[in-house]
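Here's the structure, in C-alpha cells; my notes come after.
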Amino acid sequence: MTTVAVVFHSATGRTKALAEAVVRGAGAVPGTTTHLLSVDDGPRIHDVLATADAIVFGCPTYMGSASGAFKSFMDATSAVWALQGWHDKIAAAFTHSAAPSGDKLGTLTQLAVFAAQHGMIWIGLGLPPTYAGAAAEVEDTNRLGSHLGAMAQSRPGASSVPSSDLRTAELLGRRVADAARRWSRGRDKAARLDGALRHGTARSWAFPSPKRAALPHGVERTNLRELVARPGRFEHHLLVCASTDGAQLEITAASEPLYFAHINLSDEYVVALPSGDDLIDRFPLRTFLSDPVTGEDLGRYNHRIGDLVLHPEGYLHWPGRLRPPYEPFAFPPGMRRAGLSLVYCASRPTPPTSRPLPIPPERAEDVKAYREPAPPMVLASLRGESRAMATIGATTLSLVERPRAVAPNHGGWVVVLEADPDSAHSAGDLYRIAEGATLDGAGIVRALVLASDSKAPDPVPASWSEVPAPPFQPYEDAAPGKLPFEGPGLEVHEQSPTLALVRAGTASTEVPRYWLARMLFRIGLHGLRLGYVETYGGFFIDDRGTGPVHVGFRSGRDRTSVPIARAETLAFVERLYRAVAPPGYVERLA
C-alpha cells in the first residue's frame, strides 16, 4: 500500500478544488491511500505526513510566491528538516493564480527548493505543453505549459477552476502515486533482501549485505549496528557484546541524551561509532565529568564520531545533559534517529592501570578542566598509526590500520570501524577470534582489537542471538501505578504532571518524572549492576558492593538515603517506576 498526502492552502476554494483533483488522480492508482490536508488542520498534519510515501504541496501564488499561510506551514517544518524526517519521500506541487502567468513558476521553484532542503525526490508534471495559437488550448491539459509542477489559472472572482486545469491536477496525482508505488516497491524489495526487521530509530543506518562469504574456523561474526537495530531493544540499554579476562565491550543506541550521571566500576572508554546516517554521524557530542561528592562539574569534552573519551573511575560522568526544566525532546512523529556508542570497561571493580594517550594539541580546546587538579581526561581520535589506545586490568584496546591479518596471541575481539566498500568486512562488524585463529584483514581500513595478556576471549554472549528480556514489563504493557508512593523511609508525591517531589525525613527534592522513569527502567534492565547512577534533582540509586542498595537524593554535599535489601530492590524499583512515569509515557520509542 502506497500513501499520498496532499497538503494545501486555499483562500477562495479554487486551490482546494485542485487539491481534491490531485487526490482523485492519486486514488485512481490501485493500492494507493490518499489524505487531503489543509494547512489549517493543525498538528495532525505532521502525524500523517510522517507516514506518507509522497507529499504534494499546493497553494495559490500571491505576489510571485507561496501564500503567507503556506509559507508559515513551510517555516514550521524546521524540526522535521533538522531530523530529515521527509528524506527520500516523493514530492510534487501545484499552484493557482488569476493571471495567465502570475509568476507561478516562482512559487513552484520555491516549493521545489523547499522539498530539496528536506531531501525529497521531486516529481515534475510530465505532460507535454499546449502551444500558443491552438484554438482548443483552453480545453487541453497543461495548457499553461509548465513542467516543474501543475499550474492553474482562473479570472479574479471566478467561481471555479477550468476543467482542463483540474484534469491536469488529476494527472499529476496519478503520476505521483505511480512514482511513489515504484519507489516504495524498490525500498520494500531492499528491505526483503536485508531479511530483517529493524528498530524505527535505525531506519536511516547503513547495514552490511546479508550475503557474505563463510568465515574460517575459529572466527565468529556479528554486526553491532544489527544488534542494536533489533526491534526489541530499548534506549540506553548497555548490551554486553564481548568479554575477556574481566573486561567487556558494551554497545548501546539512543535518540535522547543520557538522563543520569554514572560512576562506573572501572575506567570506562567510550567511542561514538558511525551509523552510516550522515546526519547522525555529524552530530556534535558533549560529556561532563563531575565531583562524586558535590556533583560540581570538573571538566567537559567536546567530541564527535570516532573519538575515544575516558570516563575516569570514581567520577560522575554525564554523556549529554539537559538544563532546567529538563523537558524531553518533542520529536515529530516517526522522526527519532538514534546514534550508537561502544563502551570498553570492566565487569568487576578494577582500579585504573594506565591511561597512555596524551590529548593531541589540536584538540586541546575540546578538553576543558574547570578546576585544578583536573580529573584524568583522555580524548583521542581513532585515526593514525596502529597503537594501544586504552588498558583495563590485563586487557588492552588497540587501534589497527590496514592490517594484513589480525591474530592476537590468545585470540580476542575485533570491531571494524571502517572497511573498503567491496570487501568482506563492513563497518560495525564484531569478530571473535579464537586462540590460534586468524582473521584476514584485507579490506579493513581501521579496527579496534580487544585482547588479554594471558587469556582467550570468552564465548560469544547470548546478546548476539537475542535481545535480553527486561526483568519487568515496560510501562505501556502493564497497569500504571499512582502517586503518592510510599516506600521504606521514602515518599514520592506528585508536584505537577512533569515533576515528582521526593521526601525522606525532613529533606526533599524535585525530580523530573520522565527522566526518573527512564533511569529506573534501565536500572532494572541492567539487573542492579550499574554501580552509582544519579538523575536530575540529585535522585540516586547506589548498588555498589554486595550489601543493601541505597536509594535517595543529594543536594551539594548533603546526602539523604535509605537502605533497601538487595533482594527487595528490583520490586521497589518497578513499583516506583510505574508510579512516577508521567501521562503518555512509553519505553518503545520509534
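Ordering of the C-alpha cells sets the chain letters (A, B, ...); residue numbers start at 1 within each chain; ligands are numbered from 1 in the order shown.
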Cut-off 12 Å: closest region 513-533 of chain A/region 341-356 of chain A atom pairs per residue, using only C-alpha atoms, as a tab-separated table:
residue	atom	partner	partner_atom	distance
A:Arg529	CA	A:Ser347	CA	9.0
A:Leu530	CA	A:Ser347	CA	10.0
A:Gly531	CA	A:Pro349	CA	9.6
Could you turn the residues from that selection into a file that holds all heavy atoms, as a short mmCIF file (atom, residue, chain, number, x, y, z; two decimals), in the first residue's frame?
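The resulting file, again_7.cif, is reproduced below:
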data_model
loop_
_atom_site.label_atom_id
_atom_site.label_comp_id
_atom_site.auth_asym_id
_atom_site.auth_seq_id
_atom_site.Cartn_x
_atom_site.Cartn_y
_atom_site.Cartn_z
N ARG A 529 23.31 -3.63 38.33
CA ARG A 529 24.76 -3.74 38.14
C ARG A 529 25.32 -2.49 37.46
O ARG A 529 26.32 -2.56 36.77
CB ARG A 529 25.10 -4.98 37.30
CG ARG A 529 24.79 -6.30 37.97
CD ARG A 529 25.41 -7.48 37.23
NE ARG A 529 25.03 -7.50 35.82
CZ ARG A 529 23.93 -8.05 35.35
NH1 ARG A 529 23.08 -8.63 36.18
NH2 ARG A 529 23.66 -8.05 34.06
N LEU A 530 24.69 -1.35 37.69
CA LEU A 530 25.19 -0.12 37.09
C LEU A 530 26.16 0.63 38.00
O LEU A 530 26.81 1.58 37.58
CB LEU A 530 24.01 0.80 36.74
CG LEU A 530 23.32 0.51 35.40
CD1 LEU A 530 22.14 1.44 35.21
CD2 LEU A 530 24.28 0.66 34.23
N GLY A 531 26.23 0.25 39.25
CA GLY A 531 27.07 0.99 40.20
C GLY A 531 26.27 2.12 40.82
O GLY A 531 25.25 1.90 41.46
#
For this session: Name all residues at most 12 Å from Val293 (chain A) (count only C-alpha atoms; drop same-chain ones fewer than 4 positions away) and give them as a list in words.
Result: Ile263, Asp297, Leu298, Gly314, Tyr315, Leu316, Tyr532, Glu534, Gly538, Phe553, Arg554, Ser555, Gly556, Arg557, Asp558 and Arg559 of chain A
Exercise. What's the 8 Å shell around Arg167 (chain A), counting only C-alpha atoms, without same-chain residues fewer than 4 positions away, as a list in words?
Worked result: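 Here the answer would be Ala21, Thr141, Ser163 and Leu171 of chain A.
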Exercise. Which neighbours of region 416-430 of chain A fall inside 6 Å, counting only C-alpha atoms, when residues of the same chain fewer than 2 positions from it are skipped, and could you give them as a VMD selection string?
Worked result: chain A and resid 208 221 to 225 414 443 to 447
Problem set entry | Test item: residues at most 12 Å from Ile45 (chain A), only C-alpha atoms, excluding those fewer than 6 positions along its chain, as a list in words |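 Those residues are Ala5, Val6, Val7, Phe8, His35, Leu36, Leu37, Ser38, Val39, Thr51, Ala52, Ile55, Phe73, Ala76, Thr77, Pro332 and Pro333 of chain A.
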For this session: Can you pull out every residue within 6 Å of Glu491 (chain A), counting only C-alpha atoms, but drop anything in the same chain fewer than 4 positions away, and send it as a ChimeraX atom specification?
Result: /A:485-486,502-503
Problem set entry | Selection: 7 Å around Thr396 (chain A), only C-alpha atoms, excl. self and same-chain fewer than 5 positions, as a list in words |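 Once the adjacent positions are removed, what remains is Ala388, Ala390, Thr391, Leu450, Ala451 and Ser452 of chain A.
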For this session: Can you work out which one of A:Ala462, A:Ala19, A:Val586, A:Met74 has the shortest atom-to-atom distance to Thr95 (chain A), counting only C-alpha atoms?
Result: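 Residue with the minimum atom-to-atom distance to Thr95 (chain A): A:Ala19.
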Exercise. Which parts of region 378-521 of chain A does DSSP call strand (DSSP E or B) when run on the backbone here, written out as an MDAnalysis selection string?
Worked result: chainID A and resid 379:381 387:392 395:401 405:406 409 411:419 429:433 439:440 444:452 485:487 490:494 499:504 507:512
For this session: Taking the chain letters and numbering used in this document, name the residues of region 235-399 of chain A that DSSP puts in alpha helix (DSSP H), as a list in words.
Result: Asp278, Leu279, Ile280 and Asp281 of chain A
Exercise. What does the distance between CA of Gly119 (chain A) and CA of Met1 (chain A) come to in Å, to one decimal place?
Worked result: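 Atom-to-atom, CA of Gly119 (chain A) to CA of Met1 (chain A), that is 22.4 Å.
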Exercise. Which residue, A:Thr3, A:Gly489, A:Pro457, A:His236, has the smallest gap to Leu520 (chain A) when you use only C-alpha atoms?
Worked result: A:His236
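Closest approach to His118 (chain A) from the set A:Ala565, A:Ala369, A:Ala82, A:Ile359 is made by A:Ala82, with distances taken over only C-alpha atoms.
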Exercise. Quick one: distance from CA of Arg578 (chain A) to CA of Tyr475 (chain A) in Å, one decimal?
Worked result: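 We find that CA of Arg578 (chain A) and CA of Tyr475 (chain A) lie 6.4 Å from each other.
Residue nearest Gly232 (chain A), chosen from A:His526, A:Arg588, A:His46, A:Arg432 and counting only C-alpha atoms: A:Arg588.
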